[in-house]
file my_file-v6.cif (mmCIF, C-alpha atoms)
data_data
loop_
_atom_site.label_atom_id
_atom_site.label_comp_id
_atom_site.auth_asym_id
_atom_site.auth_seq_id
_atom_site.Cartn_x
_atom_site.Cartn_y
_atom_site.Cartn_z
CA ARG A 36 56.97 6.75 33.77
CA ARG A 37 54.88 7.62 36.81
CA GLY A 38 51.75 6.90 34.80
CA ARG A 39 52.99 3.52 33.69
CA GLY A 40 54.04 2.68 37.25
CA ALA A 41 50.66 3.77 38.55
CA ARG A 42 48.91 1.61 35.98
CA ARG A 43 51.05 -1.37 36.97
CA MET A 44 50.30 -0.78 40.63
CA GLY A 45 46.63 -0.36 39.84
CA SER A 46 46.65 -3.64 37.94
CA ASN A 47 48.19 -5.45 40.91
CA ASP A 48 45.73 -3.82 43.30
CA ALA A 49 42.84 -4.89 41.10
CA GLY A 50 44.02 -8.49 41.23
CA ALA A 51 44.37 -8.27 45.01
CA ASP A 52 40.89 -6.78 45.22
CA ARG A 53 39.44 -9.68 43.27
CA LEU A 54 41.16 -12.10 45.62
CA ALA A 55 39.85 -10.19 48.62
CA GLU A 56 36.18 -10.34 47.61
CA PRO A 57 35.11 -13.78 48.83
CA THR A 58 31.37 -13.36 48.49
CA VAL A 59 31.05 -11.46 45.21
CA ASN A 60 29.80 -13.80 42.47
CA SER A 61 30.43 -16.80 44.71
CA PRO A 62 27.77 -19.52 44.54
CA GLY A 63 25.95 -20.51 47.70
CA TRP A 64 27.38 -24.03 47.59
CA ASP A 65 30.95 -22.65 47.95
CA ARG A 66 31.10 -22.82 51.73
CA PHE A 67 34.46 -21.20 52.40
CA ALA A 68 33.80 -18.25 50.08
CA HIS A 69 31.30 -16.96 52.64
CA TRP A 70 33.44 -17.40 55.76
CA GLU A 71 34.74 -14.58 57.91
CA ALA A 72 38.48 -13.92 57.94
CA TRP A 73 39.39 -15.31 61.37
CA PRO A 74 37.70 -18.73 61.04
CA ALA A 75 39.27 -19.01 57.59
CA ARG A 76 42.71 -18.17 58.97
CA PHE A 77 42.36 -20.78 61.69
CA LEU A 78 41.29 -23.47 59.21
CA LEU A 79 44.09 -22.51 56.82
CA ALA A 80 46.64 -22.88 59.62
CA VAL A 81 45.21 -26.30 60.52
CA LEU A 82 45.20 -27.33 56.87
CA ALA A 83 48.82 -26.27 56.34
CA THR A 84 49.88 -28.19 59.43
CA LEU A 85 47.99 -31.32 58.37
CA LEU A 86 49.45 -31.22 54.86
CA VAL A 87 53.00 -31.05 56.21
CA LEU A 88 52.37 -33.83 58.73
CA ALA A 89 50.64 -35.95 56.08
CA ALA A 90 53.66 -35.67 53.79
CA LEU A 91 55.91 -36.82 56.64
CA ALA A 92 53.62 -39.50 58.10
CA SER A 93 54.65 -43.13 58.16
CA LEU A 94 52.19 -45.19 56.12
CA THR A 95 53.78 -48.60 56.55
CA VAL A 96 52.32 -51.67 58.25
CA GLN A 97 54.19 -52.83 61.30
CA LYS A 98 54.86 -56.53 61.52
CA VAL A 99 52.92 -57.41 64.64
CA ALA A 100 53.58 -60.92 65.85
CA ALA A 101 50.71 -63.38 65.52
CA PRO A 102 49.76 -65.68 68.44
CA ASN A 103 52.04 -68.41 67.11
CA GLY A 104 54.96 -66.00 66.83
CA SER A 105 54.74 -65.62 63.06
CA GLU A 106 54.45 -62.28 61.33
CA PRO A 107 51.71 -61.09 58.98
CA PRO A 108 52.55 -59.99 55.44
CA SER A 109 53.99 -56.53 54.88
CA ALA A 110 51.91 -53.74 53.40
CA ALA A 111 53.67 -53.95 50.07
CA ARG A 112 53.07 -57.68 49.79
CA SER A 113 49.42 -57.35 50.81
CA ALA A 114 48.83 -54.52 48.36
CA ALA A 115 50.36 -56.50 45.53
CA VAL A 116 48.81 -59.85 46.43
CA SER A 117 48.07 -62.03 43.43
CA ALA A 118 46.05 -65.13 42.76
CA THR A 119 49.17 -67.27 43.03
CA GLN A 120 50.44 -65.67 46.24
CA ARG A 121 47.59 -64.88 48.61
CA ASP A 122 48.07 -63.73 52.19
CA ASP A 123 46.79 -65.62 55.21
CA ASP A 124 43.51 -63.69 55.49
CA LEU A 125 42.54 -64.34 51.89
CA ARG A 126 43.47 -68.01 52.11
CA LEU A 127 41.28 -68.35 55.19
CA TYR A 128 38.31 -66.82 53.35
CA ASP A 129 39.01 -69.08 50.35
CA ARG A 130 38.85 -72.12 52.62
CA VAL A 131 35.63 -70.95 54.28
CA ILE A 132 33.92 -70.49 50.92
CA GLU A 133 35.15 -73.89 49.76
CA ARG A 134 33.70 -75.66 52.79
CA ILE A 135 30.36 -73.87 52.50
CA ALA A 136 30.19 -74.78 48.81
CA LYS A 137 30.58 -78.42 49.85
CA GLY A 138 27.51 -78.15 52.06
CA GLU A 139 29.05 -77.50 55.48
CA SER A 140 27.49 -75.02 57.90
CA TYR A 141 29.57 -71.92 58.61
CA TYR A 142 29.18 -72.07 62.37
CA ALA A 143 30.06 -75.77 62.46
CA PHE A 144 33.64 -75.15 61.42
CA ILE A 145 34.60 -71.47 61.52
CA VAL A 146 35.90 -71.43 65.11
CA ALA A 147 38.05 -74.52 64.58
CA GLU A 148 39.28 -73.17 61.25
CA GLN A 149 40.42 -69.87 62.75
CA ARG A 150 41.92 -71.58 65.80
CA ALA A 151 43.94 -73.95 63.58
CA ARG A 152 45.42 -70.95 61.76
CA ASP A 153 46.23 -69.12 65.02
CA TYR A 154 43.60 -66.48 64.34
CA PRO A 155 41.81 -65.14 67.43
CA VAL A 156 38.31 -66.34 68.25
CA ARG A 157 37.98 -64.11 71.30
CA PRO A 158 36.17 -61.78 71.23
CA ALA A 159 33.53 -63.41 69.06
CA VAL A 160 33.32 -60.37 66.76
CA ALA A 161 36.82 -61.27 65.56
CA ILE A 162 35.02 -63.87 63.44
CA ARG A 163 33.47 -62.37 60.32
CA LEU A 164 29.76 -62.41 59.62
CA PRO A 165 28.91 -65.27 57.23
CA THR A 166 26.93 -63.28 54.63
CA LEU A 167 29.67 -62.76 52.04
CA ALA A 168 30.95 -66.33 52.31
CA TYR A 169 27.47 -67.74 51.58
CA LEU A 170 26.98 -65.36 48.64
CA HIS A 171 30.36 -66.31 47.21
CA ALA A 172 29.73 -70.02 47.64
CA ALA A 173 26.32 -69.70 45.93
CA TRP A 174 27.40 -67.52 43.00
CA GLY A 175 30.92 -68.80 42.40
CA GLY A 176 33.80 -66.80 40.96
CA THR A 177 32.00 -65.90 37.74
CA GLY A 178 28.89 -64.80 39.57
CA MET A 179 30.90 -62.61 41.93
CA ALA A 180 32.74 -61.02 39.01
CA LEU A 181 29.42 -60.20 37.36
CA ALA A 182 28.05 -58.85 40.64
CA ALA A 183 31.15 -56.65 41.06
CA LEU A 184 30.71 -55.25 37.55
CA VAL A 185 27.01 -54.54 38.06
CA LEU A 186 27.74 -52.93 41.43
CA ALA A 187 30.49 -50.72 39.99
CA LEU A 188 28.22 -49.56 37.17
CA ALA A 189 25.41 -48.89 39.65
CA VAL A 190 27.77 -46.77 41.79
CA LEU A 191 28.82 -44.71 38.76
CA LEU A 192 25.23 -44.22 37.58
CA ALA A 193 23.98 -43.27 41.05
CA TRP A 194 26.66 -40.64 41.48
CA TRP A 195 26.28 -39.32 37.93
CA ARG A 196 22.68 -38.57 38.77
CA ARG A 197 23.35 -37.22 42.24
CA LEU A 198 26.11 -34.90 41.07
CA GLY A 199 23.76 -33.57 38.42
CA GLU A 200 21.15 -32.74 41.06
CA GLU A 201 23.39 -31.27 43.77
CA PRO A 202 24.36 -27.57 43.89
CA GLY A 203 27.84 -27.30 42.40
CA GLY A 204 27.84 -30.91 41.29
CA GLN A 205 27.10 -30.30 37.63
CA GLU A 206 30.23 -28.23 36.94
CA HIS A 207 32.48 -30.70 38.78
CA ARG A 208 30.77 -33.85 37.56
CA LEU A 209 33.30 -35.07 34.97
CA LEU A 210 36.30 -34.78 37.28
CA ALA A 211 34.34 -36.20 40.20
CA MET A 212 33.27 -39.19 38.11
CA ALA A 213 36.85 -39.84 37.01
CA LEU A 214 37.97 -39.81 40.64
CA LEU A 215 35.08 -42.06 41.61
CA ALA A 216 35.99 -44.52 38.85
CA GLY A 217 39.56 -44.61 40.15
CA GLY A 218 38.36 -45.22 43.69
CA ALA A 219 35.89 -47.92 42.68
CA ALA A 220 38.28 -49.72 40.31
CA LEU A 221 39.67 -51.84 43.15
CA GLY A 222 36.22 -53.38 43.50
CA LEU A 223 36.76 -55.14 40.18
CA ASN A 224 39.92 -56.92 41.29
CA ARG A 225 39.03 -60.62 41.46
CA ASP A 226 41.86 -61.31 43.90
CA PHE A 227 40.04 -59.30 46.57
CA PHE A 228 36.50 -60.60 46.03
CA VAL A 229 36.65 -62.52 49.32
CA LEU A 230 37.48 -59.33 51.27
CA HIS A 231 34.49 -58.11 53.27
CA GLU A 232 35.57 -54.47 53.41
CA LEU A 233 35.76 -54.30 49.62
CA TRP A 234 32.08 -55.18 49.15
CA ALA A 235 30.91 -53.15 52.13
CA GLY A 236 32.74 -50.10 50.76
CA MET A 237 31.25 -50.41 47.29
CA LEU A 238 27.76 -50.91 48.73
CA LEU A 239 28.14 -47.85 50.97
CA ALA A 240 29.26 -45.80 47.97
CA LEU A 241 26.08 -46.90 46.20
CA ALA A 242 23.88 -46.25 49.23
CA PHE A 243 25.38 -42.76 49.58
CA GLY A 244 24.82 -42.01 45.90
CA LEU A 245 21.22 -43.24 46.00
CA HIS A 246 20.18 -41.34 49.13
CA ARG A 247 18.02 -38.24 48.96
CA PRO A 248 16.07 -36.63 51.79
CA GLY A 249 12.57 -37.99 51.24
CA ARG A 250 13.80 -40.76 48.92
CA TRP A 251 15.76 -43.21 51.00
CA GLY A 252 14.27 -46.69 50.49
CA ALA A 253 16.83 -47.96 47.99
CA SER A 254 19.68 -46.49 50.03
CA LEU A 255 18.38 -48.24 53.15
CA ALA A 256 18.22 -51.62 51.39
CA VAL A 257 21.76 -51.32 50.00
CA ALA A 258 23.15 -50.15 53.35
CA ALA A 259 21.45 -53.11 55.04
CA LEU A 260 23.37 -55.50 52.78
CA ALA A 261 26.62 -53.66 53.50
CA LEU A 262 25.95 -53.93 57.22
CA ALA A 263 25.21 -57.65 56.89
CA ILE A 264 28.62 -58.12 55.28
CA ARG A 265 30.74 -55.94 57.56
CA GLU A 266 29.78 -54.20 60.77
CA HIS A 267 32.11 -51.31 59.89
CA ALA A 268 29.23 -49.94 57.77
CA LEU A 269 27.36 -49.06 60.97
CA PRO A 270 28.63 -45.43 61.19
CA PHE A 271 27.00 -44.66 57.84
CA VAL A 272 23.65 -45.97 59.07
CA LEU A 273 23.92 -44.09 62.36
CA LEU A 274 24.82 -40.86 60.57
CA LEU A 275 21.87 -41.00 58.20
CA CYS A 276 19.57 -41.81 61.10
CA THR A 277 20.88 -38.79 63.01
CA MET A 278 20.62 -36.48 60.01
CA ALA A 279 17.05 -37.59 59.33
CA ALA A 280 16.17 -36.86 62.95
CA TRP A 281 17.85 -33.44 62.65
CA ARG A 282 15.59 -32.70 59.65
CA ARG A 283 12.65 -34.00 61.72
CA ASP A 284 11.95 -36.63 59.13
CA TRP A 285 10.78 -39.10 61.73
CA LYS A 286 9.73 -41.75 59.23
CA GLU A 287 13.20 -41.98 57.73
CA ALA A 288 14.87 -41.78 61.13
CA ALA A 289 12.69 -44.64 62.36
CA ALA A 290 13.63 -46.75 59.34
CA TRP A 291 17.36 -46.30 59.93
CA ALA A 292 16.89 -46.91 63.65
CA ALA A 293 15.01 -50.13 62.87
CA LEU A 294 17.95 -51.24 60.71
CA VAL A 295 20.33 -50.61 63.63
CA LEU A 296 18.14 -52.71 65.93
CA ALA A 297 17.91 -55.50 63.35
CA PHE A 298 21.67 -55.48 62.97
CA ALA A 299 22.15 -55.59 66.76
CA ALA A 300 19.86 -58.62 66.95
CA GLY A 301 21.71 -60.33 64.10
CA LEU A 302 25.10 -59.64 65.67
CA ALA A 303 23.88 -60.99 69.01
CA TRP A 304 22.76 -64.20 67.26
CA HIS A 305 26.14 -64.43 65.53
CA VAL A 306 27.96 -64.14 68.86
CA ALA A 307 25.61 -66.71 70.42
CA GLN A 308 26.57 -69.26 67.76
CA ILE A 309 30.27 -68.78 68.39
CA HIS A 310 30.45 -68.36 72.15
CA PRO A 311 29.78 -72.02 73.14
CA GLN A 312 32.70 -73.15 70.96
CA VAL A 313 35.25 -70.80 72.49
CA LEU A 314 37.61 -72.50 74.93
CA PRO A 315 39.17 -70.96 78.06
CA SER A 316 42.55 -71.73 76.51
CA ASP A 317 41.84 -69.59 73.45
CA PRO A 318 43.96 -66.43 73.65
CA GLN A 319 42.28 -63.07 73.69
CA GLY A 320 42.80 -61.20 70.47
CA PRO A 321 44.86 -57.99 70.65
CA GLY A 322 42.83 -54.85 71.30
CA TRP A 323 41.76 -52.51 68.52
CA LEU A 324 42.27 -49.30 70.51
CA ALA A 325 45.64 -48.32 69.06
CA LEU A 326 45.62 -44.48 69.06
CA ARG A 327 47.65 -44.30 65.84
CA GLY A 328 46.75 -40.68 65.19
CA LEU A 329 47.05 -39.09 61.76
CA SER A 330 49.07 -42.01 60.39
CA GLY A 331 46.23 -44.38 61.21
CA TRP A 332 43.74 -42.48 59.08
CA LEU A 333 46.11 -41.85 56.19
CA ALA A 334 47.51 -45.38 56.08
CA ASN A 335 44.07 -46.96 56.10
CA VAL A 336 42.90 -44.88 53.13
CA VAL A 337 46.11 -44.92 51.12
CA LEU A 338 47.00 -48.61 51.51
CA SER A 339 43.46 -49.80 50.78
CA SER A 340 43.03 -47.70 47.63
CA ASN A 341 44.86 -46.98 44.40
CA LEU A 342 46.64 -44.09 46.15
CA ARG A 343 49.09 -46.76 47.30
CA LEU A 344 50.61 -46.56 43.81
CA LEU A 345 51.72 -42.96 44.42
CA PRO A 346 54.66 -41.80 46.55
CA TYR A 347 53.38 -41.66 50.11
CA GLU A 348 54.61 -38.06 50.45
CA LEU A 349 51.99 -37.16 47.82
CA ALA A 350 49.30 -39.68 48.71
CA GLY A 351 48.94 -38.53 52.34
CA PRO A 352 48.26 -34.86 51.52
CA LEU A 353 45.75 -35.92 48.84
CA VAL A 354 43.70 -37.65 51.55
CA VAL A 355 43.63 -34.42 53.57
CA LEU A 356 42.64 -32.38 50.50
CA ALA A 357 39.83 -34.81 49.64
CA LEU A 358 38.25 -34.22 53.04
CA LEU A 359 38.71 -30.47 52.59
CA GLY A 360 36.89 -30.71 49.26
CA TRP A 361 33.91 -32.41 50.87
CA SER A 362 33.88 -29.78 53.61
CA GLY A 363 33.87 -26.92 51.12
CA TRP A 364 30.93 -28.34 49.15
CA ARG A 365 27.85 -26.83 50.77
CA SER A 366 25.14 -29.25 49.65
CA PRO A 367 23.29 -32.27 51.08
CA ALA A 368 25.93 -34.59 49.62
CA GLY A 369 28.80 -32.36 50.76
CA THR A 370 27.48 -32.12 54.30
CA THR A 371 26.91 -35.87 54.50
CA GLY A 372 30.34 -36.61 53.05
CA SER A 373 32.06 -34.18 55.43
CA LEU A 374 30.47 -35.77 58.48
CA LEU A 375 30.82 -39.33 57.22
CA TYR A 376 34.44 -39.22 56.14
CA GLY A 377 35.45 -36.92 58.97
CA GLY A 378 33.92 -39.38 61.41
CA TYR A 379 35.74 -42.33 59.87
CA ALA A 380 38.97 -40.29 59.92
CA LEU A 381 38.61 -39.78 63.67
CA ALA A 382 37.75 -43.45 64.18
CA PHE A 383 40.79 -44.62 62.21
CA MET A 384 43.01 -42.35 64.29
CA LEU A 385 41.80 -44.02 67.47
CA VAL A 386 40.87 -47.59 66.58
CA GLY A 387 42.57 -50.27 64.53
CA ARG A 388 46.07 -51.69 64.50
CA SER A 389 48.39 -50.96 61.59
CA ASN A 390 47.70 -54.39 60.07
CA ASN A 391 43.99 -53.49 60.01
CA TYR A 392 44.67 -50.94 57.26
CA TYR A 393 42.22 -52.71 54.92
CA TRP A 394 39.38 -51.16 56.97
CA GLY A 395 39.96 -48.11 54.80
CA ALA A 396 38.31 -49.93 51.89
CA VAL A 397 34.97 -49.26 53.60
CA ILE A 398 35.23 -45.56 52.66
CA ALA A 399 37.72 -45.49 49.78
CA PRO A 400 35.44 -45.88 46.70
CA ALA A 401 33.54 -42.56 46.92
CA PHE A 402 35.88 -40.64 49.20
CA PHE A 403 38.01 -39.23 46.40
CA ILE A 404 35.07 -37.35 44.89
CA GLY A 405 36.08 -34.67 47.39
CA LEU A 406 39.26 -34.01 45.40
CA ALA A 407 37.14 -32.54 42.58
CA PHE A 408 36.03 -29.77 44.95
CA ALA A 409 39.40 -29.29 46.68
CA PRO A 410 40.87 -26.66 44.30
CA ARG A 411 37.82 -24.42 44.66
CA ALA A 412 37.86 -24.93 48.43
CA CYS A 413 41.53 -23.92 48.65
CA ILE A 414 41.05 -20.81 46.51
CA SER A 415 37.96 -19.70 48.42
CA LEU A 416 39.69 -20.29 51.74
CA LEU A 417 42.64 -18.13 50.67
CA ARG A 418 40.27 -15.37 49.55
CA ALA A 419 38.34 -15.54 52.81
CA VAL A 420 41.59 -15.26 54.78
CA ARG A 421 42.21 -11.79 53.36
CA GLY A 422 38.82 -10.58 54.53
CA PRO A 423 36.88 -7.65 53.07
CA THR A 424 38.86 -4.58 52.09
#

call {"tool": "encode", "arguments": {"input": "my_file-v6.cif", "output": "structure tokens"}}
result
Amino acid sequence: RRGRGARRMGSNDAGADRLAEPTVNSPGWDRFAHWEAWPARFLLAVLATLLVLAALASLTVQKVAAPNGSEPPSAARSAAVSATQRDDDLRLYDRVIERIAKGESYYAFIVAEQRARDYPVRPAVAIRLPTLAYLHAAWGGTGMALAALVLALAVLLAWWRRLGEEPGGQEHRLLAMALLAGGAALGLNRDFFVLHELWAGMLLALAFGLHRPGRWGASLAVAALALAIREHALPFVLLLCTMAAWRRDWKEAAAWAALVLAFAAGLAWHVAQIHPQVLPSDPQGPGWLALRGLSGWLANVVLSSNLRLLPYELAGPLVVLALLGWSGWRSPAGTTGSLLYGGYALAFMLVGRSNNYYWGAVIAPAFFIGLAFAPRACISLLRAVRGPT
């Protein structure tokens, strides 16, 4: 009996020993497997806290009164918008495209159009850049549907190749591609083709997938188009510029910096076209500094992606785990994704009202790739917590 008990205890100890050996047979790309015990314990405590808070967080859109006293659509209605029942934003973009298609100049009518609908025209950046409207007017609905399909396929192909080249990417590629397909599927919804964040997000997913240190020309061109559609793509450009400078790749850093300067010049021209038409009587738009905290980040990602179809108590923690997965993937893509999506998470916590949740579409398409690496990150973190024995 003592022998059998000893063998059982030995078996349990062997399992504990395997759990306590974080660096043995652990690949170099598994970041948390090589952490010391105390940093791992701190991160695990933070993670546990975030998961609990994410499950309890409110992910609804508050009905903030518009300047005329009306209320914007609820989150549920906006998420389920159909071609026969479009919200005010989408109807505005429909009208803009219609007038451009008839030969009118964007800047000749956009201020009056927004003012008539009680949309703010102050500050001038409250008025969207005209790039997407002109593309839509030129290509029509069929052309935009074809462009969306080509873009989605390009995103999938770019990431298939990048995952095959990155350390740790090959063994997670099938699951990562399935998650990417789920994230990018919203880009094929015709009802949202007029939404700027949708196209900017898909283009950033492509630019991210195409980028390699030393091979960045195609990524730069795609990111430039994303930036011309929505200025919320700027953090991606700034990050890649900073990372190139950190690697002392001055040629690439200069190229990204030149894109930032070109965008600044274009935005200044955009504001200059609008400013003379703004009247002193036009109300100032509400500020974007909202300090919504964790709910701001989670709501933006969940409500602007297919996670909105899940119970929010599950969807919120999945967002946290996706970022953990990126952080645990020690590779060029993993490092870029950690900084990029972590930066957007912080921005969404600080900036943006609850009815600006659609900003999350700028990061949603490729963000969920991180979930493919989350199980390994959790296991390695738990092993690192135990420390060497």

call {"tool": "resolve_selection", "arguments": {"input": "my_file-v6.cif", "expression": "the PyMOL selection byres ((chain A and resi 268) around 12)", "output": "PyMOL selection string"}}
result
chain A and resi 231-240+242-243+255+257-267+269-275+294-295+298+375+379+394-398

call {"tool": "resolve_selection", "arguments": {"input": "my_file-v6.cif", "expression": "the PyMOL selection byres ((chain A and resi 336) around 10)", "output": "VMD selection string"}}
result
chain A and resid 94 330 to 335 337 to 343 350 to 351 354 380 383 392 to 400 402

call {"tool": "closest_residue", "arguments": {"input": "my_file-v6.cif", "among": "A:Gly320, A:Gly217, A:Pro315, A:Gly249", "to": "Ala159 in chain A", "atoms": "all atoms listed in the file"}}
result
A:Gly320

call {"tool": "residues_around", "arguments": {"input": "my_file-v6.cif", "residues": "Arg196 in chain A", "least_positions_apart": "6", "cutoff": "10 Å", "atoms": "all atoms listed in the file", "output": "PyMOL selection string"}}
result
chain A and resi 204-205+208+244-245

call {"tool": "atom_distance", "arguments": {"input": "my_file-v6.cif", "atom1": "CA of Tyr376 in chain A", "atom2": "CA of Trp361 in chain A"}}
result
8.6 Å

call {"tool": "resolve_selection", "arguments": {"input": "my_file-v6.cif", "expression": "the PyMOL selection byres ((chain A and resi 75) around 10)", "output": "list of chain:residue names"}}
result
A:Phe67, A:Ala68, A:His69, A:Trp70, A:Glu71, A:Ala72, A:Trp73, A:Pro74, A:Arg76, A:Phe77, A:Leu78, A:Leu79, A:Ala80, A:Val81, A:Ser415, A:Leu416, A:Leu417, A:Arg418, A:Ala419, A:Val420, A:Arg421, A:Gly422

call {"tool": "closest_residue", "arguments": {"input": "my_file-v6.cif", "among": "A:Phe403, A:Phe408, A:Trp323, A:Tyr141", "to": "Asn390 in chain A", "atoms": "only C-alpha atoms"}}
result
A:Trp323

call {"tool": "atom_distance", "arguments": {"input": "my_file-v6.cif", "atom1": "CA of Trp195 in chain A", "atom2": "CA of Leu214 in chain A"}}
result
12.0 Å

call {"tool": "residues_near_point", "arguments": {"input": "my_file-v6.cif", "point": "(24.7, -26.3, 53.7)", "cutoff": "10 Å", "atoms": "all atoms listed in the file", "output": "PyMOL selection string"}}
result
chain A and resi 63-66+202+362-371

call {"tool": "closest_residue", "arguments": {"input": "my_file-v6.cif", "among": "A:Ala168, A:Ala289, A:Val87, A:Val156", "to": "Ile132 in chain A", "atoms": "only C-alpha atoms"}}
result
A:Ala168

call {"tool": "closest_residue", "arguments": {"input": "my_file-v6.cif", "among": "A:Leu381, A:Cys413, A:Ala219, A:Ala407", "to": "Gly203 in chain A", "atoms": "only C-alpha atoms"}}
result
A:Ala407

call {"tool": "residues_around", "arguments": {"input": "my_file-v6.cif", "residues": "Gly175 in chain A", "least_positions_apart": "3", "cutoff": "12 Å", "atoms": "only C-alpha atoms", "output": "MDAnalysis selection string"}}
result
chainID A and resid 129 132:133 135:136 167:172 178:182 225 228:229

call {"tool": "closest_residue", "arguments": {"input": "my_file-v6.cif", "among": "A:Pro346, A:Leu88, A:Leu241, A:Ala151", "to": "Leu192 in chain A", "atoms": "only C-alpha atoms"}}
result
A:Leu241

call {"tool": "atom_distance", "arguments": {"input": "my_file-v6.cif", "atom1": "CA of Ala325 in chain A", "atom2": "CA of Leu91 in chain A"}}
result
19.8 Å

call {"tool": "closest_residue", "arguments": {"input": "my_file-v6.cif", "among": "A:Ala216, A:Cys276, A:Leu358, A:Ala292", "to": "Gly372 in chain A", "atoms": "all atoms listed in the file"}}
result
A:Leu358

call {"tool": "axis_aligned_box", "arguments": {"input": "my_file-v6.cif", "around": "range 342-359 of chain A", "padding_each_side": "6 Å", "output": "JSON"}}
result
{"center_x": 46.5, "center_y": -38.6, "center_z": 48.7, "size_x": 28.4, "size_y": 28.3, "size_z": 21.8}
